[in-house]
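This is work21.txt (compact mmCIF, N, CA, C and O atoms).
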# COMPACT_ATOMS: atom_id res chain seq x y z
N MET T 39 176.85 78.17 123.94
CA MET T 39 175.43 78.44 124.14
C MET T 39 174.64 77.64 123.11
O MET T 39 175.01 77.54 121.96
N ALA T 40 173.55 77.08 123.57
CA ALA T 40 172.68 76.28 122.72
C ALA T 40 171.49 77.12 122.25
O ALA T 40 171.18 78.15 122.85
N ILE T 41 170.85 76.67 121.20
CA ILE T 41 169.62 77.30 120.70
C ILE T 41 168.56 76.23 120.62
O ILE T 41 168.78 75.17 120.01
N LEU T 42 167.42 76.50 121.23
CA LEU T 42 166.28 75.58 121.18
C LEU T 42 165.20 76.21 120.31
O LEU T 42 164.66 77.25 120.65
N TYR T 43 164.93 75.58 119.18
CA TYR T 43 163.82 76.00 118.33
C TYR T 43 162.60 75.25 118.84
O TYR T 43 162.63 74.03 118.95
N ARG T 44 161.55 76.00 119.16
CA ARG T 44 160.39 75.38 119.78
C ARG T 44 159.10 76.02 119.33
O ARG T 44 159.10 77.05 118.68
N CYS T 45 158.00 75.40 119.70
CA CYS T 45 156.68 75.91 119.36
C CYS T 45 156.35 77.13 120.22
O CYS T 45 157.10 77.50 121.11
N LYS T 46 155.20 77.72 119.95
CA LYS T 46 154.81 78.94 120.66
C LYS T 46 153.99 78.68 121.92
O LYS T 46 153.46 79.61 122.51
N THR T 47 153.90 77.44 122.36
CA THR T 47 153.18 77.15 123.60
C THR T 47 153.78 77.97 124.73
O THR T 47 154.99 77.94 124.95
N PRO T 48 152.96 78.72 125.46
CA PRO T 48 153.48 79.68 126.44
C PRO T 48 154.01 79.06 127.74
O PRO T 48 154.61 79.76 128.55
N THR T 49 153.81 77.79 127.95
CA THR T 49 154.27 77.16 129.18
C THR T 49 155.18 75.99 128.86
O THR T 49 155.15 75.46 127.76
N ASN T 50 155.97 75.58 129.84
CA ASN T 50 156.87 74.44 129.64
C ASN T 50 156.26 73.12 130.10
O ASN T 50 156.97 72.14 130.27
N HIS T 51 154.94 73.09 130.32
CA HIS T 51 154.33 71.88 130.85
C HIS T 51 153.28 71.26 129.93
O HIS T 51 152.60 70.32 130.33
N LEU T 52 153.15 71.74 128.70
CA LEU T 52 152.10 71.23 127.82
C LEU T 52 152.60 70.51 126.57
O LEU T 52 151.80 69.93 125.86
N CYS T 53 153.89 70.59 126.30
CA CYS T 53 154.35 70.02 125.03
C CYS T 53 155.76 69.46 125.17
O CYS T 53 156.43 69.66 126.17
N LYS T 54 156.20 68.78 124.15
CA LYS T 54 157.55 68.19 124.15
C LYS T 54 158.62 69.26 124.13
O LYS T 54 159.70 69.06 124.68
N CYS T 55 158.33 70.39 123.52
CA CYS T 55 159.30 71.49 123.51
C CYS T 55 159.57 71.97 124.94
O CYS T 55 160.72 72.24 125.31
N GLY T 56 158.53 72.05 125.73
CA GLY T 56 158.67 72.46 127.12
C GLY T 56 159.43 71.44 127.94
O GLY T 56 160.22 71.80 128.83
N THR T 57 159.22 70.17 127.66
CA THR T 57 159.96 69.12 128.35
C THR T 57 161.45 69.27 128.10
O THR T 57 162.27 69.16 129.02
N VAL T 58 161.81 69.56 126.85
CA VAL T 58 163.22 69.76 126.50
C VAL T 58 163.76 70.99 127.22
O VAL T 58 164.87 70.96 127.78
N ALA T 59 163.01 72.08 127.24
CA ALA T 59 163.46 73.31 127.90
C ALA T 59 163.70 73.06 129.39
O ALA T 59 164.70 73.52 129.95
N ARG T 60 162.80 72.34 130.03
CA ARG T 60 162.97 72.03 131.46
C ARG T 60 164.22 71.20 131.70
O ARG T 60 164.97 71.44 132.64
N ARG T 61 164.47 70.22 130.84
CA ARG T 61 165.65 69.36 131.01
C ARG T 61 166.93 70.15 130.79
O ARG T 61 167.92 69.94 131.50
N LEU T 62 166.94 71.05 129.81
CA LEU T 62 168.12 71.89 129.60
C LEU T 62 168.42 72.74 130.83
O LEU T 62 169.58 72.85 131.25
N LYS T 63 167.38 73.33 131.41
CA LYS T 63 167.57 74.14 132.63
C LYS T 63 168.09 73.28 133.77
O LYS T 63 169.00 73.69 134.49
N LYS T 64 167.50 72.11 133.95
CA LYS T 64 167.92 71.22 135.02
C LYS T 64 169.38 70.80 134.86
O LYS T 64 170.11 70.67 135.85
N ALA T 65 169.82 70.61 133.62
CA ALA T 65 171.19 70.20 133.34
C ALA T 65 172.17 71.37 133.41
O ALA T 65 173.37 71.18 133.33
N GLY T 66 171.65 72.59 133.54
CA GLY T 66 172.52 73.76 133.62
C GLY T 66 173.11 74.20 132.29
O GLY T 66 174.14 74.85 132.25
N ILE T 67 172.44 73.85 131.21
CA ILE T 67 172.90 74.23 129.87
C ILE T 67 172.24 75.54 129.49
O ILE T 67 171.01 75.62 129.44
N ASP T 68 173.05 76.58 129.25
CA ASP T 68 172.51 77.86 128.82
C ASP T 68 171.99 77.74 127.40
O ASP T 68 172.66 77.15 126.54
N PHE T 69 170.82 78.33 127.15
CA PHE T 69 170.26 78.24 125.81
C PHE T 69 169.36 79.44 125.55
O PHE T 69 168.81 80.03 126.47
N ASP T 70 169.26 79.77 124.28
CA ASP T 70 168.30 80.77 123.81
C ASP T 70 167.15 80.01 123.18
O ASP T 70 167.34 78.94 122.61
N GLU T 71 165.97 80.59 123.27
CA GLU T 71 164.80 79.99 122.65
C GLU T 71 164.40 80.78 121.41
O GLU T 71 164.41 82.00 121.44
N VAL T 72 164.08 80.07 120.36
CA VAL T 72 163.52 80.67 119.15
C VAL T 72 162.15 80.05 118.95
O VAL T 72 162.04 78.84 118.72
N ARG T 73 161.12 80.86 119.09
CA ARG T 73 159.75 80.37 118.90
C ARG T 73 159.44 80.43 117.41
O ARG T 73 159.59 81.48 116.78
N VAL T 74 159.03 79.32 116.85
CA VAL T 74 158.78 79.24 115.41
C VAL T 74 157.28 79.32 115.13
O VAL T 74 156.46 79.19 116.03
N GLY T 75 156.95 79.51 113.88
CA GLY T 75 155.56 79.62 113.46
C GLY T 75 154.74 78.39 113.80
O GLY T 75 155.26 77.28 113.89
N VAL T 76 153.46 78.60 113.99
CA VAL T 76 152.56 77.50 114.33
C VAL T 76 152.43 76.53 113.16
O VAL T 76 152.47 75.32 113.34
N LEU T 77 152.27 77.07 111.97
CA LEU T 77 152.11 76.23 110.78
C LEU T 77 153.47 75.73 110.31
O LEU T 77 154.44 76.49 110.26
N LYS T 78 153.52 74.47 109.94
CA LYS T 78 154.80 73.90 109.50
C LYS T 78 155.36 74.62 108.28
O LYS T 78 156.56 74.74 108.14
N ARG T 79 154.50 75.14 107.44
CA ARG T 79 154.99 75.85 106.25
C ARG T 79 155.70 77.15 106.61
O ARG T 79 156.42 77.71 105.80
N ASP T 80 155.50 77.62 107.84
CA ASP T 80 156.15 78.85 108.31
C ASP T 80 157.43 78.58 109.10
O ASP T 80 157.84 79.39 109.92
N ARG T 81 158.06 77.44 108.84
CA ARG T 81 159.27 77.06 109.56
C ARG T 81 160.44 76.75 108.62
O ARG T 81 161.09 75.71 108.72
N PRO T 82 160.78 77.66 107.71
CA PRO T 82 161.86 77.36 106.77
C PRO T 82 163.21 77.18 107.45
O PRO T 82 164.05 76.41 106.98
N GLU T 83 163.45 77.88 108.58
CA GLU T 83 164.72 77.74 109.26
C GLU T 83 164.91 76.33 109.83
O GLU T 83 166.01 75.80 109.84
N ILE T 84 163.81 75.72 110.23
CA ILE T 84 163.88 74.34 110.75
C ILE T 84 164.19 73.39 109.60
O ILE T 84 165.00 72.48 109.74
N GLU T 85 163.54 73.61 108.46
CA GLU T 85 163.80 72.75 107.30
C GLU T 85 165.25 72.87 106.84
O GLU T 85 165.88 71.88 106.47
N GLU T 86 165.82 74.06 106.89
CA GLU T 86 167.23 74.24 106.52
C GLU T 86 168.15 73.46 107.45
O GLU T 86 169.13 72.88 107.01
N LEU T 87 167.84 73.46 108.74
CA LEU T 87 168.69 72.78 109.72
C LEU T 87 168.57 71.27 109.67
O LEU T 87 169.57 70.56 109.82
N THR T 88 167.35 70.76 109.48
CA THR T 88 167.13 69.34 109.66
C THR T 88 166.54 68.59 108.47
O THR T 88 166.48 67.37 108.49
N GLY T 89 166.04 69.31 107.48
CA GLY T 89 165.39 68.66 106.35
C GLY T 89 163.93 68.32 106.61
O GLY T 89 163.28 67.68 105.79
N GLN T 90 163.41 68.71 107.76
CA GLN T 90 162.00 68.50 108.10
C GLN T 90 161.52 69.74 108.83
O GLN T 90 162.28 70.66 109.05
N ARG T 91 160.27 69.78 109.25
CA ARG T 91 159.73 71.01 109.86
C ARG T 91 159.13 70.80 111.25
O ARG T 91 158.34 71.60 111.71
N TRP T 92 159.52 69.75 111.93
CA TRP T 92 159.01 69.47 113.26
C TRP T 92 159.91 70.10 114.32
O TRP T 92 161.12 70.19 114.14
N VAL T 93 159.34 70.50 115.42
CA VAL T 93 160.11 70.98 116.57
C VAL T 93 159.80 70.07 117.75
O VAL T 93 158.78 69.38 117.74
N PRO T 94 160.67 70.00 118.72
CA PRO T 94 161.82 70.85 119.00
C PRO T 94 163.06 70.43 118.21
O PRO T 94 163.20 69.28 117.79
N VAL T 95 163.96 71.41 118.06
CA VAL T 95 165.27 71.20 117.47
C VAL T 95 166.28 71.90 118.38
O VAL T 95 166.08 73.05 118.76
N LEU T 96 167.35 71.19 118.71
CA LEU T 96 168.41 71.77 119.54
C LEU T 96 169.67 71.91 118.71
O LEU T 96 170.10 70.95 118.06
N VAL T 97 170.24 73.10 118.73
CA VAL T 97 171.54 73.35 118.11
C VAL T 97 172.50 73.62 119.26
O VAL T 97 172.33 74.58 120.01
N HIS T 98 173.50 72.76 119.41
CA HIS T 98 174.47 72.87 120.50
C HIS T 98 175.85 72.69 119.89
O HIS T 98 176.24 71.57 119.56
N GLY T 99 176.56 73.80 119.73
CA GLY T 99 177.84 73.73 119.02
C GLY T 99 177.61 73.32 117.59
O GLY T 99 176.81 73.91 116.87
N ASP T 100 178.30 72.27 117.16
CA ASP T 100 178.14 71.76 115.79
C ASP T 100 177.02 70.73 115.68
O ASP T 100 176.72 70.27 114.60
N GLU T 101 176.44 70.36 116.80
CA GLU T 101 175.38 69.35 116.82
C GLU T 101 174.01 69.97 116.54
O GLU T 101 173.66 71.00 117.11
N VAL T 102 173.25 69.33 115.67
CA VAL T 102 171.86 69.71 115.40
C VAL T 102 171.03 68.45 115.65
O VAL T 102 171.18 67.46 114.94
N ILE T 103 170.19 68.50 116.68
CA ILE T 103 169.43 67.32 117.07
C ILE T 103 167.95 67.64 117.01
O ILE T 103 167.51 68.66 117.55
N HIS T 104 167.18 66.79 116.36
CA HIS T 104 165.73 66.95 116.36
C HIS T 104 165.12 65.68 116.92
O HIS T 104 165.78 64.66 117.04
N ASP T 105 163.88 65.76 117.33
CA ASP T 105 163.14 64.70 118.02
C ASP T 105 163.41 64.84 119.51
O ASP T 105 164.54 64.73 119.97
N SER T 106 162.35 65.09 120.26
CA SER T 106 162.49 65.38 121.69
C SER T 106 163.18 64.25 122.45
O SER T 106 164.01 64.51 123.33
N ARG T 107 162.90 63.01 122.12
CA ARG T 107 163.54 61.89 122.82
C ARG T 107 165.05 61.90 122.61
O ARG T 107 165.82 61.74 123.55
N ARG T 108 165.46 62.12 121.38
CA ARG T 108 166.89 62.16 121.08
C ARG T 108 167.56 63.36 121.75
O ARG T 108 168.68 63.26 122.23
N ILE T 109 166.85 64.49 121.80
CA ILE T 109 167.40 65.67 122.46
C ILE T 109 167.59 65.39 123.96
O ILE T 109 168.63 65.71 124.54
N LEU T 110 166.59 64.78 124.60
CA LEU T 110 166.70 64.47 126.02
C LEU T 110 167.85 63.52 126.30
O LEU T 110 168.60 63.70 127.28
N GLU T 111 168.04 62.52 125.47
CA GLU T 111 169.18 61.61 125.62
C GLU T 111 170.49 62.36 125.48
O GLU T 111 171.43 62.12 126.25
N TYR T 112 170.57 63.24 124.50
CA TYR T 112 171.79 64.02 124.28
C TYR T 112 172.08 64.91 125.49
O TYR T 112 173.22 64.98 125.95
N VAL T 113 171.06 65.59 126.00
CA VAL T 113 171.26 66.48 127.16
C VAL T 113 171.74 65.67 128.36
O VAL T 113 172.67 66.09 129.07
N ASP T 114 171.16 64.52 128.60
CA ASP T 114 171.61 63.67 129.70
C ASP T 114 173.06 63.25 129.51
O ASP T 114 173.85 63.25 130.46
N TRP T 115 173.41 62.91 128.30
CA TRP T 115 174.78 62.48 128.00
C TRP T 115 175.76 63.63 128.19
O TRP T 115 176.79 63.47 128.84
N VAL T 116 175.44 64.80 127.66
CA VAL T 116 176.33 65.97 127.76
C VAL T 116 176.50 66.40 129.21
O VAL T 116 177.59 66.79 129.62
N SER T 117 175.44 66.32 129.98
CA SER T 117 175.51 66.77 131.37
C SER T 117 176.09 65.69 132.29
O SER T 117 176.24 65.94 133.49
N GLY T 118 176.40 64.52 131.76
CA GLY T 118 177.00 63.46 132.55
C GLY T 118 176.03 62.69 133.41
O GLY T 118 176.43 61.92 134.26
N GLN T 119 174.74 62.85 133.17
CA GLN T 119 173.74 62.16 133.96
C GLN T 119 173.42 60.78 133.42
O GLN T 119 172.63 60.05 133.99
N ARG T 120 174.04 60.45 132.30
CA ARG T 120 173.74 59.15 131.69
C ARG T 120 174.94 58.74 130.84
O ARG T 120 175.64 59.56 130.28
N GLU T 121 175.16 57.46 130.70
CA GLU T 121 176.23 56.97 129.85
C GLU T 121 175.90 57.26 128.40
O GLU T 121 174.74 57.48 128.04
N ALA T 122 176.90 57.24 127.56
CA ALA T 122 176.71 57.53 126.14
C ALA T 122 175.67 56.59 125.53
O ALA T 122 175.62 55.40 125.83
N VAL T 123 174.83 57.14 124.69
CA VAL T 123 173.80 56.38 123.98
C VAL T 123 174.44 55.68 122.81
O VAL T 123 175.23 56.24 122.07
N ARG T 124 174.14 54.41 122.63
CA ARG T 124 174.75 53.64 121.53
C ARG T 124 173.79 53.46 120.41
O ARG T 124 172.67 53.36 120.49
Exercise: express the given structure as structure tokens:
Amino acid sequence: MAILYRCKTPTNHLCKCGTVARRLKKAGIDFDEVRVGVLKRDRPEIEELTGQRWVPVLVHGDEVIHDSRRILEYVDWVSGQREAVR
């Protein structure tokens, strides 16, 4: 099971966090969502995981990926929809 740390935007169509959530669902990857604080200073768990305070962050097994573009590439690769990213 994966964990997606994301912003508090209530819909999946307004932000990069929502784009990641939609792609995870499309790929059939089960995940839990953790909505983090609006202010970056209220995101210590994100800083512990990645050394920065931006979301989205995906934790999938031992992998911790931040940056929505990198997460989307990883999801495509894991789901077999794309060749490995070099």
Could you give me, as a compact mmCIF listing (two decimals) with N, CA, C and O atoms, keeping the file's coordinate frame, the residues within 8 Å of stretch 96-98 of chain T, counting only N, CA, C and O atoms and dropping anything in the same chain fewer than 4 positions from it?
# COMPACT_ATOMS: atom_id res chain seq x y z
N MET T 39 176.85 78.17 123.94
CA MET T 39 175.43 78.44 124.14
C MET T 39 174.64 77.64 123.11
O MET T 39 175.01 77.54 121.96
N ALA T 40 173.55 77.08 123.57
CA ALA T 40 172.68 76.28 122.72
C ALA T 40 171.49 77.12 122.25
O ALA T 40 171.18 78.15 122.85
N ILE T 41 170.85 76.67 121.20
CA ILE T 41 169.62 77.30 120.70
C ILE T 41 168.56 76.23 120.62
O ILE T 41 168.78 75.17 120.01
N LEU T 42 167.42 76.50 121.23
CA LEU T 42 166.28 75.58 121.18
C LEU T 42 165.20 76.21 120.31
O LEU T 42 164.66 77.25 120.65
N TYR T 43 164.93 75.58 119.18
CA TYR T 43 163.82 76.00 118.33
C TYR T 43 162.60 75.25 118.84
O TYR T 43 162.63 74.03 118.95
N ARG T 44 161.55 76.00 119.16
CA ARG T 44 160.39 75.38 119.78
C ARG T 44 159.10 76.02 119.33
O ARG T 44 159.10 77.05 118.68
N ASP T 68 173.05 76.58 129.25
CA ASP T 68 172.51 77.86 128.82
C ASP T 68 171.99 77.74 127.40
O ASP T 68 172.66 77.15 126.54
N PHE T 69 170.82 78.33 127.15
CA PHE T 69 170.26 78.24 125.81
C PHE T 69 169.36 79.44 125.55
O PHE T 69 168.81 80.03 126.47
N ASP T 70 169.26 79.77 124.28
CA ASP T 70 168.30 80.77 123.81
C ASP T 70 167.15 80.01 123.18
O ASP T 70 167.34 78.94 122.61
N TRP T 92 159.52 69.75 111.93
CA TRP T 92 159.01 69.47 113.26
C TRP T 92 159.91 70.10 114.32
O TRP T 92 161.12 70.19 114.14
N VAL T 102 173.25 69.33 115.67
CA VAL T 102 171.86 69.71 115.40
C VAL T 102 171.03 68.45 115.65
O VAL T 102 171.18 67.46 114.94
N ILE T 103 170.19 68.50 116.68
CA ILE T 103 169.43 67.32 117.07
C ILE T 103 167.95 67.64 117.01
O ILE T 103 167.51 68.66 117.55
N HIS T 104 167.18 66.79 116.36
CA HIS T 104 165.73 66.95 116.36
C HIS T 104 165.12 65.68 116.92
O HIS T 104 165.78 64.66 117.04
N ASP T 105 163.88 65.76 117.33
CA ASP T 105 163.14 64.70 118.02
C ASP T 105 163.41 64.84 119.51
O ASP T 105 164.54 64.73 119.97
N ILE T 109 166.85 64.49 121.80
CA ILE T 109 167.40 65.67 122.46
C ILE T 109 167.59 65.39 123.96
O ILE T 109 168.63 65.71 124.54
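Of the residues under consideration (T:Lys46, T:Lys54, T:Arg73, T:Lys64), T:Lys64 shows the shortest atom-to-atom contact distance to T:Val113 when counting only C-alpha atoms.
Nearest residue to T:Asp114, choosing from T:Arg91, T:His51, T:Arg79, T:Arg61 and counting all atoms listed in the file: T:Arg61.
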Can you check which residues of stretch 51-121 of chain T DSSP gives as helix (DSSP H, G or I) on the backbone and send them as a PyMOL selection string?
-> chain T and resi 54-65+78-80+82-88+106-116
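Nearest residue to T:Arg107, choosing from T:Val58, T:Val72, T:Leu52, T:Ile67 and counting only C-alpha atoms: T:Val58.
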One decimal, Å: what's the distance from atom CA of T:Ala65 over to atom N of T:Leu87, could you say?
-> 25.0 Å
Just give me the gap between atom CA of T:Pro94 and atom CA of T:Val74 in Å, one decimal is fine.
-> 9.6 Å
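If you measure from each of T:Gln90, T:Cys55, T:Ser106, T:Asp100 to T:Lys78 using all atoms listed in the file, the closest one turns out to be T:Gln90.
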